[in-house]
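Enquirer: If it helps, the file is called model-v8.csv and holds CSV, N, CA and C atoms:
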```csv
chain,number,residue,atom,x,y,z
N,10,MET,N,0.8,-1.2,0.0
N,10,MET,CA,0.0,0.0,0.0
N,10,MET,C,0.9,1.3,0.0
N,11,GLU,N,2.0,1.2,0.7
N,11,GLU,CA,2.8,2.4,0.8
N,11,GLU,C,3.4,2.8,-0.6
N,12,ASN,N,3.8,1.8,-1.4
N,12,ASN,CA,4.3,2.0,-2.7
N,12,ASN,C,3.3,2.8,-3.6
N,13,HIS,N,2.0,2.3,-3.5
N,13,HIS,CA,0.9,2.9,-4.2
N,13,HIS,C,0.8,4.4,-3.9
N,14,ILE,N,0.9,4.7,-2.6
N,14,ILE,CA,0.7,6.1,-2.1
N,14,ILE,C,1.9,6.9,-2.7
N,15,GLU,N,3.1,6.4,-2.6
N,15,GLU,CA,4.3,7.1,-3.1
N,15,GLU,C,4.1,7.4,-4.6
N,16,LYS,N,3.7,6.5,-5.4
N,16,LYS,CA,3.5,6.7,-6.8
N,16,LYS,C,2.4,7.7,-7.0
N,17,ARG,N,1.3,7.7,-6.3
N,17,ARG,CA,0.3,8.7,-6.4
N,17,ARG,C,0.8,10.1,-6.1
N,18,GLU,N,1.7,10.3,-5.1
N,18,GLU,CA,2.3,11.6,-4.8
N,18,GLU,C,3.2,12.0,-5.9
N,19,ASN,N,3.9,11.1,-6.5
N,19,ASN,CA,4.8,11.4,-7.6
N,19,ASN,C,4.0,11.9,-8.9
N,20,GLU,N,2.8,11.3,-9.1
N,20,GLU,CA,2.0,11.7,-10.2
N,20,GLU,C,1.5,13.1,-10.1
N,21,SER,N,1.3,13.5,-8.8
N,21,SER,CA,0.7,14.8,-8.6
N,21,SER,C,1.7,16.0,-8.8
N,22,ARG,N,3.0,15.7,-8.6
N,22,ARG,CA,4.0,16.8,-8.7
N,22,ARG,C,4.5,16.8,-10.1
N,23,GLU,N,5.0,18.0,-10.5
N,23,GLU,CA,5.5,18.1,-11.8
N,23,GLU,C,6.9,17.4,-11.9
N,24,VAL,N,7.1,16.7,-13.0
N,24,VAL,CA,8.3,16.0,-13.3
N,24,VAL,C,9.1,16.8,-14.3
N,25,LYS,N,10.4,17.0,-13.9
N,25,LYS,CA,11.3,17.7,-14.8
N,25,LYS,C,12.1,16.8,-15.6
N,26,ILE,N,12.0,17.0,-17.0
N,26,ILE,CA,12.6,16.1,-17.9
N,26,ILE,C,13.5,17.0,-18.8
N,27,LEU,N,14.7,16.5,-19.0
N,27,LEU,CA,15.6,17.1,-20.0
N,27,LEU,C,15.6,16.2,-21.3
N,28,LEU,N,15.3,16.9,-22.4
N,28,LEU,CA,15.2,16.2,-23.7
N,28,LEU,C,16.4,16.7,-24.5
N,29,ALA,N,17.3,15.8,-24.8
N,29,ALA,CA,18.5,16.1,-25.7
N,29,ALA,C,18.2,15.5,-27.1
N,30,GLU,N,17.8,16.4,-28.0
N,30,GLU,CA,17.3,15.9,-29.3
N,30,GLU,C,17.6,17.0,-30.3
N,31,ASP,N,18.4,16.7,-31.4
N,31,ASP,CA,18.8,17.7,-32.4
N,31,ASP,C,17.7,17.9,-33.5
N,32,ASN,N,16.8,17.0,-33.6
N,32,ASN,CA,15.8,17.1,-34.7
N,32,ASN,C,14.6,17.8,-34.2
N,33,GLU,N,14.3,19.0,-34.9
N,33,GLU,CA,13.2,19.8,-34.5
N,33,GLU,C,11.9,19.1,-34.6
N,34,ALA,N,11.7,18.3,-35.6
N,34,ALA,CA,10.4,17.5,-35.8
N,34,ALA,C,10.2,16.6,-34.6
N,35,ASN,N,11.3,15.9,-34.2
N,35,ASN,CA,11.2,15.0,-33.0
N,35,ASN,C,11.0,15.8,-31.7
N,36,GLN,N,11.6,16.9,-31.6
N,36,GLN,CA,11.3,17.8,-30.4
N,36,GLN,C,9.9,18.1,-30.3
N,37,PHE,N,9.3,18.6,-31.4
N,37,PHE,CA,7.9,19.0,-31.5
N,37,PHE,C,7.0,17.8,-31.2
N,38,LEU,N,7.3,16.6,-31.8
N,38,LEU,CA,6.5,15.4,-31.6
N,38,LEU,C,6.5,15.0,-30.1
N,39,ILE,N,7.7,15.0,-29.5
N,39,ILE,CA,7.8,14.6,-28.1
N,39,ILE,C,7.0,15.5,-27.2
N,40,LYS,N,7.2,16.8,-27.4
N,40,LYS,CA,6.5,17.8,-26.6
N,40,LYS,C,4.9,17.7,-26.8
N,41,ASP,N,4.5,17.4,-28.0
N,41,ASP,CA,3.1,17.2,-28.3
N,41,ASP,C,2.6,15.9,-27.6
N,42,ILE,N,3.3,14.8,-27.7
N,42,ILE,CA,2.9,13.6,-27.0
N,42,ILE,C,2.8,13.7,-25.5
N,43,THR,N,3.7,14.5,-24.9
N,43,THR,CA,3.7,14.6,-23.5
N,43,THR,C,2.9,15.8,-22.9
N,44,LYS,N,2.3,16.6,-23.7
N,44,LYS,CA,1.6,17.8,-23.2
N,44,LYS,C,0.5,17.5,-22.2
N,45,SER,N,-0.1,16.3,-22.3
N,45,SER,CA,-1.2,15.9,-21.4
N,45,SER,C,-0.6,15.5,-20.0
N,46,GLN,N,0.7,15.3,-19.9
N,46,GLN,CA,1.3,14.9,-18.6
N,46,GLN,C,1.7,16.1,-17.8
N,47,ASN,N,1.9,15.9,-16.5
N,47,ASN,CA,2.4,16.9,-15.7
N,47,ASN,C,4.0,16.9,-15.7
N,48,TRP,N,4.5,17.1,-16.9
N,48,TRP,CA,5.9,17.1,-17.1
N,48,TRP,C,6.4,18.4,-17.6
N,49,ASP,N,7.5,18.9,-17.1
N,49,ASP,CA,8.2,20.1,-17.5
N,49,ASP,C,9.4,19.7,-18.3
N,50,ILE,N,9.3,19.9,-19.6
N,50,ILE,CA,10.4,19.4,-20.5
N,50,ILE,C,11.3,20.6,-21.0
N,51,THR,N,12.6,20.4,-20.7
N,51,THR,CA,13.6,21.4,-21.2
N,51,THR,C,14.2,20.7,-22.4
N,52,VAL,N,14.3,21.4,-23.5
N,52,VAL,CA,14.9,20.9,-24.8
N,52,VAL,C,16.2,21.5,-25.1
N,53,VAL,N,17.2,20.6,-25.4
N,53,VAL,CA,18.5,21.1,-25.8
N,53,VAL,C,18.8,20.4,-27.1
N,54,ASP,N,19.7,20.9,-27.9
N,54,ASP,CA,20.0,20.4,-29.3
N,54,ASP,C,21.2,19.5,-29.4
N,55,ASP,N,22.0,19.4,-28.4
N,55,ASP,CA,23.1,18.5,-28.6
N,55,ASP,C,23.6,18.0,-27.2
N,56,GLY,N,24.6,17.1,-27.2
N,56,GLY,CA,25.1,16.5,-26.0
N,56,GLY,C,25.8,17.4,-25.1
N,57,GLU,N,26.6,18.4,-25.7
N,57,GLU,CA,27.2,19.4,-24.8
N,57,GLU,C,26.2,20.2,-24.0
N,58,GLN,N,25.2,20.6,-24.7
N,58,GLN,CA,24.1,21.4,-24.0
N,58,GLN,C,23.4,20.6,-23.0
N,59,ALA,N,23.3,19.3,-23.3
N,59,ALA,CA,22.6,18.4,-22.3
N,59,ALA,C,23.5,18.3,-21.0
N,60,VAL,N,24.8,18.1,-21.2
N,60,VAL,CA,25.7,18.0,-20.0
N,60,VAL,C,25.6,19.3,-19.2
N,61,ASP,N,25.7,20.4,-19.9
N,61,ASP,CA,25.7,21.7,-19.2
N,61,ASP,C,24.4,21.9,-18.5
N,62,ALA,N,23.2,21.6,-19.1
N,62,ALA,CA,21.9,21.8,-18.5
N,62,ALA,C,21.8,20.9,-17.3
N,63,TYR,N,22.3,19.6,-17.4
N,63,TYR,CA,22.2,18.7,-16.3
N,63,TYR,C,23.0,19.2,-15.1
N,64,LYS,N,24.2,19.7,-15.4
N,64,LYS,CA,25.0,20.2,-14.3
N,64,LYS,C,24.4,21.4,-13.5
N,65,THR,N,23.6,22.2,-14.2
N,65,THR,CA,23.1,23.4,-13.6
N,65,THR,C,21.6,23.3,-13.2
N,66,ASN,N,21.0,22.2,-13.4
N,66,ASN,CA,19.5,22.1,-13.1
N,66,ASN,C,19.3,20.7,-12.4
N,67,ASP,N,18.1,20.5,-11.9
N,67,ASP,CA,17.8,19.3,-11.2
N,67,ASP,C,16.7,18.6,-12.0
N,68,TYR,N,17.0,17.5,-12.7
N,68,TYR,CA,16.0,16.8,-13.6
N,68,TYR,C,15.7,15.5,-12.9
N,69,ASP,N,14.5,15.0,-13.2
N,69,ASP,CA,14.0,13.7,-12.7
N,69,ASP,C,14.3,12.6,-13.7
N,70,LEU,N,14.5,13.0,-15.0
N,70,LEU,CA,14.7,12.1,-16.1
N,70,LEU,C,15.4,12.8,-17.2
N,71,VAL,N,16.2,12.1,-18.0
N,71,VAL,CA,16.8,12.6,-19.2
N,71,VAL,C,16.4,11.7,-20.4
N,72,LEU,N,15.9,12.3,-21.4
N,72,LEU,CA,15.7,11.6,-22.7
N,72,LEU,C,16.8,12.0,-23.6
N,73,MET,N,17.7,11.0,-24.0
N,73,MET,CA,18.9,11.3,-24.7
N,73,MET,C,18.9,10.7,-26.1
N,74,ASP,N,18.9,11.5,-27.1
N,74,ASP,CA,19.1,11.0,-28.5
N,74,ASP,C,20.5,10.5,-28.6
N,75,VAL,N,20.7,9.5,-29.3
N,75,VAL,CA,22.0,8.9,-29.4
N,75,VAL,C,22.9,9.6,-30.5
N,76,GLN,N,22.3,10.0,-31.6
N,76,GLN,CA,23.1,10.7,-32.6
N,76,GLN,C,22.8,12.2,-32.6
N,77,MET,N,23.8,13.0,-32.2
N,77,MET,CA,23.7,14.4,-32.1
N,77,MET,C,25.0,15.1,-32.5
N,78,PRO,N,25.0,16.3,-33.0
N,78,PRO,CA,26.2,17.0,-33.4
N,78,PRO,C,27.0,17.4,-32.1
N,79,SER,N,28.3,17.6,-32.3
N,79,SER,CA,29.3,18.0,-31.4
N,79,SER,C,29.5,17.0,-30.3
N,80,MET,N,28.5,16.4,-29.7
N,80,MET,CA,28.7,15.4,-28.7
N,80,MET,C,27.5,14.4,-28.7
N,81,ASN,N,27.8,13.2,-29.0
N,81,ASN,CA,26.6,12.3,-29.2
N,81,ASN,C,26.1,11.8,-27.8
N,82,GLY,N,25.0,11.1,-27.8
N,82,GLY,CA,24.3,10.7,-26.6
N,82,GLY,C,25.1,9.8,-25.7
N,83,TYR,N,25.9,8.9,-26.3
N,83,TYR,CA,26.8,8.0,-25.5
N,83,TYR,C,27.8,8.9,-24.7
N,84,GLU,N,28.5,9.8,-25.4
N,84,GLU,CA,29.5,10.6,-24.7
N,84,GLU,C,28.8,11.5,-23.6
N,85,ALA,N,27.7,12.1,-23.9
N,85,ALA,CA,27.0,13.0,-23.0
N,85,ALA,C,26.6,12.2,-21.7
N,86,THR,N,26.1,10.9,-21.9
N,86,THR,CA,25.7,10.1,-20.8
N,86,THR,C,26.9,9.8,-19.9
N,87,LYS,N,28.0,9.4,-20.6
N,87,LYS,CA,29.2,9.1,-19.8
N,87,LYS,C,29.7,10.3,-19.0
N,88,GLU,N,29.6,11.5,-19.5
N,88,GLU,CA,29.9,12.7,-18.8
N,88,GLU,C,29.0,13.0,-17.6
N,89,ILE,N,27.7,12.8,-17.8
N,89,ILE,CA,26.7,12.9,-16.8
N,89,ILE,C,27.0,11.9,-15.7
N,90,ARG,N,27.3,10.7,-16.0
N,90,ARG,CA,27.5,9.6,-15.0
N,90,ARG,C,28.8,10.0,-14.2
N,91,GLU,N,29.8,10.5,-14.9
N,91,GLU,CA,31.0,10.9,-14.1
N,91,GLU,C,30.7,12.0,-13.1
N,92,PHE,N,29.9,13.0,-13.6
N,92,PHE,CA,29.5,14.1,-12.7
N,92,PHE,C,28.7,13.6,-11.5
N,93,GLU,N,27.8,12.5,-11.8
N,93,GLU,CA,27.0,12.0,-10.7
N,93,GLU,C,27.9,11.2,-9.6
N,94,LYS,N,29.0,10.7,-10.0
N,94,LYS,CA,29.9,10.1,-9.1
N,94,LYS,C,30.3,11.1,-8.0
N,95,GLU,N,30.5,12.3,-8.3
N,95,GLU,CA,30.8,13.4,-7.4
N,95,GLU,C,29.6,13.8,-6.5
N,96,SER,N,28.4,13.9,-7.2
N,96,SER,CA,27.2,14.4,-6.5
N,96,SER,C,26.5,13.3,-5.7
N,97,GLY,N,26.7,12.0,-6.1
N,97,GLY,CA,26.1,10.9,-5.4
N,97,GLY,C,24.6,10.7,-5.9
N,98,LYS,N,24.2,11.4,-6.9
N,98,LYS,CA,22.9,11.3,-7.4
N,98,LYS,C,22.9,10.4,-8.7
N,99,HIS,N,21.7,9.7,-8.9
N,99,HIS,CA,21.6,9.0,-10.2
N,99,HIS,C,20.2,9.4,-10.8
N,100,THR,N,20.3,10.0,-12.0
N,100,THR,CA,19.1,10.4,-12.7
N,100,THR,C,18.9,9.4,-13.8
N,101,PRO,N,17.8,8.8,-14.0
N,101,PRO,CA,17.6,7.9,-15.1
N,101,PRO,C,17.7,8.5,-16.4
N,102,ILE,N,18.4,7.9,-17.4
N,102,ILE,CA,18.5,8.3,-18.7
N,102,ILE,C,18.0,7.3,-19.7
N,103,ILE,N,17.1,7.7,-20.5
N,103,ILE,CA,16.5,6.8,-21.5
N,103,ILE,C,17.0,7.2,-22.9
N,104,ALA,N,17.6,6.3,-23.6
N,104,ALA,CA,18.1,6.5,-24.9
N,104,ALA,C,17.0,6.6,-25.9
N,105,LEU,N,17.1,7.5,-26.9
N,105,LEU,CA,16.2,7.6,-28.0
N,105,LEU,C,17.0,7.4,-29.3
N,106,THR,N,16.7,6.4,-30.0
N,106,THR,CA,17.5,6.0,-31.2
N,106,THR,C,16.8,5.3,-32.2
N,107,ALA,N,17.2,5.5,-33.5
N,107,ALA,CA,16.6,4.8,-34.6
N,107,ALA,C,17.1,3.4,-34.7
N,108,TYR,N,18.2,3.2,-34.1
N,108,TYR,CA,18.8,1.8,-34.1
N,108,TYR,C,18.1,0.9,-33.2
N,109,ALA,N,17.6,-0.2,-33.7
N,109,ALA,CA,16.7,-1.1,-33.0
N,109,ALA,C,17.3,-2.5,-32.7
N,110,MET,N,18.6,-2.7,-33.0
N,110,MET,CA,19.2,-4.0,-32.8
N,110,MET,C,19.5,-4.2,-31.3
N,111,LYS,N,19.5,-5.5,-30.9
N,111,LYS,CA,19.9,-5.8,-29.5
N,111,LYS,C,21.2,-5.3,-29.1
N,112,SER,N,22.2,-5.3,-30.1
N,112,SER,CA,23.5,-4.8,-29.8
N,112,SER,C,23.5,-3.3,-29.6
N,113,ASP,N,22.6,-2.6,-30.2
N,113,ASP,CA,22.5,-1.2,-30.0
N,113,ASP,C,21.9,-0.9,-28.6
N,114,LYS,N,21.0,-1.7,-28.2
N,114,LYS,CA,20.5,-1.5,-26.8
N,114,LYS,C,21.6,-1.7,-25.8
N,115,ASN,N,22.4,-2.7,-26.1
N,115,ASN,CA,23.5,-3.0,-25.2
N,115,ASN,C,24.5,-1.9,-25.1
N,116,LEU,N,24.8,-1.2,-26.3
N,116,LEU,CA,25.7,-0.1,-26.3
N,116,LEU,C,25.1,1.1,-25.4
N,117,CYS,N,23.8,1.3,-25.5
N,117,CYS,CA,23.2,2.3,-24.7
N,117,CYS,C,23.4,2.0,-23.2
N,118,LEU,N,23.1,0.7,-22.8
N,118,LEU,CA,23.2,0.3,-21.4
N,118,LEU,C,24.7,0.4,-20.9
N,119,GLU,N,25.6,0.0,-21.8
N,119,GLU,CA,27.0,0.1,-21.4
N,119,GLU,C,27.5,1.5,-21.2
N,120,ALA,N,26.9,2.5,-22.0
N,120,ALA,CA,27.2,3.9,-21.8
N,120,ALA,C,26.7,4.5,-20.5
N,121,GLY,N,25.8,3.7,-19.9
N,121,GLY,CA,25.3,4.2,-18.6
N,121,GLY,C,23.8,4.6,-18.7
N,122,MET,N,23.2,4.4,-19.8
N,122,MET,CA,21.7,4.7,-19.9
N,122,MET,C,20.9,3.6,-19.2
N,123,ASP,N,19.8,3.9,-18.7
N,123,ASP,CA,19.0,3.0,-18.0
N,123,ASP,C,17.9,2.3,-18.8
N,124,ASP,N,17.5,2.9,-19.9
N,124,ASP,CA,16.5,2.2,-20.8
N,124,ASP,C,16.7,2.8,-22.2
N,125,TYR,N,15.8,2.3,-23.1
N,125,TYR,CA,16.0,2.5,-24.5
N,125,TYR,C,14.7,2.6,-25.2
N,126,ILE,N,14.4,3.6,-26.0
N,126,ILE,CA,13.2,3.6,-26.8
N,126,ILE,C,13.7,3.8,-28.2
N,127,SER,N,13.2,2.9,-29.1
N,127,SER,CA,13.6,3.0,-30.5
N,127,SER,C,12.6,3.8,-31.3
N,128,LYS,N,13.1,4.6,-32.2
N,128,LYS,CA,12.3,5.5,-33.1
N,128,LYS,C,12.1,4.7,-34.4
N,129,PRO,N,10.9,4.8,-35.0
N,129,PRO,CA,9.8,5.6,-34.5
N,129,PRO,C,9.1,4.8,-33.4
N,130,PHE,N,8.4,5.5,-32.5
N,130,PHE,CA,7.7,4.9,-31.4
N,130,PHE,C,6.3,5.3,-31.4
N,131,LYS,N,5.5,4.5,-30.8
N,131,LYS,CA,4.0,4.8,-30.7
N,131,LYS,C,3.9,5.6,-29.4
N,132,ARG,N,2.9,6.5,-29.5
N,132,ARG,CA,2.6,7.4,-28.4
N,132,ARG,C,2.5,6.7,-27.0
N,133,GLN,N,1.7,5.7,-26.9
N,133,GLN,CA,1.5,5.1,-25.6
N,133,GLN,C,2.7,4.3,-25.2
N,134,GLN,N,3.4,3.7,-26.1
N,134,GLN,CA,4.7,3.0,-25.8
N,134,GLN,C,5.7,4.0,-25.2
N,135,PHE,N,5.8,5.2,-25.8
N,135,PHE,CA,6.7,6.2,-25.3
N,135,PHE,C,6.3,6.7,-23.9
N,136,LEU,N,5.0,7.0,-23.7
N,136,LEU,CA,4.6,7.4,-22.4
N,136,LEU,C,4.8,6.3,-21.3
N,137,ASP,N,4.5,5.1,-21.7
N,137,ASP,CA,4.7,4.0,-20.8
N,137,ASP,C,6.1,3.8,-20.4
N,138,ALA,N,7.0,3.9,-21.3
N,138,ALA,CA,8.4,3.7,-21.0
N,138,ALA,C,8.9,4.8,-20.0
N,139,ILE,N,8.5,6.0,-20.2
N,139,ILE,CA,8.9,7.1,-19.3
N,139,ILE,C,8.3,6.8,-17.9
N,140,THR,N,7.0,6.5,-17.9
N,140,THR,CA,6.3,6.3,-16.6
N,140,THR,C,6.9,5.1,-15.9
N,141,ASP,N,7.2,4.0,-16.6
N,141,ASP,CA,7.8,2.9,-16.0
N,141,ASP,C,9.2,3.2,-15.4
N,142,THR,N,9.9,4.0,-16.1
N,142,THR,CA,11.3,4.4,-15.6
N,142,THR,C,11.1,5.3,-14.4
N,143,LEU,N,10.2,6.2,-14.4
N,143,LEU,CA,10.0,7.1,-13.3
N,143,LEU,C,9.6,6.3,-12.1
N,144,ASN,N,8.7,5.4,-12.2
N,144,ASN,CA,8.3,4.5,-11.1
N,144,ASN,C,9.4,3.6,-10.6
N,145,LYS,N,10.2,3.1,-11.5
N,145,LYS,CA,11.3,2.2,-11.2
N,145,LYS,C,12.3,2.9,-10.3
N,146,PHE,N,12.5,4.2,-10.6
N,146,PHE,CA,13.5,4.9,-9.9
N,146,PHE,C,12.9,5.8,-8.8
N,147,SER,N,11.6,5.6,-8.6
N,147,SER,CA,10.9,6.3,-7.5
N,147,SER,C,11.1,7.8,-7.6
N,148,VAL,N,10.9,8.3,-8.8
N,148,VAL,CA,11.1,9.8,-9.0
N,148,VAL,C,9.8,10.5,-8.6
```
Re-express the file's structure as structure tokens.

Expert:
Amino acid sequence: MENHIEKRENESREVKILLAEDNEANQFLIKDITKSQNWDITVVDDGEQAVDAYKTNDYDLVLMDVQMPSMNGYEATKEIREFEKESGKHTPIIALTAYAMKSDKNLCLEAGMDDYISKPFKRQQFLDAITDTLNKFSV
């Protein structure tokens, strides 16, 4: 019963999400899909901006595109995880990628990502993946 109460409390508060995605159409799609949720989404265009935003803000979840200019999602995730070693905090990171092979998922997990969503994705599949991750990490 206690778990159920905690999840209900989490649903009522705004969840802060960092979206690192360089494609404007994907940014728009994700913001549109999530507009019915109580989620505050900050959008950045590349991995360097994602690392900078992560270091200066407090996010509950990061959605990380794998292929971005200047710094890809793998590198950005590794930098975030290094930063977390100092802070003692762990923020779940979900990879967003067009690559759908099992080996691609393993690369994401090895880089320090907690989950994986392959593009293109269905609306409910996307929302469920985020909600499941938030619940798993008790955000």

Enquirer: Select, from N:Thr86, N:Thr51, N:Asn32, N:Ser147, the residue with the minimum atom-to-atom distance to Leu116 in chain N, counting only C-alpha atoms.

Expert: N:Thr86

Enquirer: So the first atom is CA of Glu119 in chain N and the second is CA of Lys25 in chain N; what is the distance between them in Å, to one decimal place?

Expert: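 CA of Lys25 in chain N lies at a distance of 24.5 Å from CA of Glu119 in chain N.
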
Enquirer: Which residue out of N:Leu28, N:Asn35, N:Arg132, N:Thr65 has the minimum interatomic distance to Ala104 in chain N when only C-alpha atoms are used?

Expert: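 When distances to Ala104 in chain N are compared using only C-alpha atoms, the smallest one comes from N:Leu28.
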
Enquirer: Give me, please, the distance in Å between atom N of Gln134 in chain N and atom C of Val53 in chain N, quoted to one decimal.

Expert: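 Computing it gives 22.7 Å between the two atoms.
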
Enquirer: For Phe146 in chain N, work out the shell of residues within 10 Å, counting only C-alpha atoms and skipping chain neighbours fewer than 6 positions away, then give it as a list in words.

Expert: Asp69, Leu70, His99, Thr100, Pro101, Asp123 and Thr140 of chain N

Enquirer: Hey, can you check how far atom N of Ile139 in chain N sits from atom C of Ser79 in chain N?

Expert: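 Interatomic distance, atom N of Ile139 in chain N to atom C of Ser79 in chain N: 25.8 Å.
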
Enquirer: Which one is closest to Glu30 in chain N: N:Asp49, N:Val60, N:Lys44, N:Leu72? Count only C-alpha atoms.

Expert: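 With only C-alpha atoms as the atom set, the closest residue is N:Leu72.
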
Enquirer: Residues within 7 Å of Tyr83 in chain N, please, as a PyMOL selection string. Count only N, CA and C atoms; anything in the same chain fewer than 4 positions from it doesn't count.

Expert: chain N and resi 74-76+87-88+117+120

Enquirer: From the options N:Tyr68, N:Ile42, N:Lys145, N:Ile50, which residue's atoms come nearest to Gln133 in chain N, counting only C-alpha atoms?

Expert: N:Ile42

Enquirer: Would you list, as JSON, numbers by chain, the residues of chain N that end up in strand (DSSP E or B) under DSSP run on this structure's backbone?

Expert: {"N": [24, 25, 26, 27, 28, 29, 48, 49, 50, 51, 52, 53, 70, 71, 72, 73, 74, 102, 103, 104, 105, 106, 124, 125, 126, 127]}

Enquirer: Which residue gives the smallest distance to Gly82 in chain N among N:Glu95, N:Asp67, N:Asp41, N:Glu57, with all atoms listed in the file counted?

Expert: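 Counting all atoms listed in the file, the residue closest to Gly82 in chain N is N:Glu57.
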
Enquirer: Compare N:Leu136, N:Val24, N:Gly121, N:Pro129 by their minimum atom-to-atom distance to Arg90 in chain N, counting all atoms listed in the file, and give me the closest one.

Expert: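 Among the listed residues, the smallest separation from Arg90 in chain N belongs to N:Gly121.
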
Enquirer: List the neighbours of Asp55 in chain N out to 6 Å using all atoms listed in the file; skip same-chain residues closer than 5 positions along the sequence, and give me the result as a ChimeraX atom specification.

Expert: /N:29-31,77-78,80
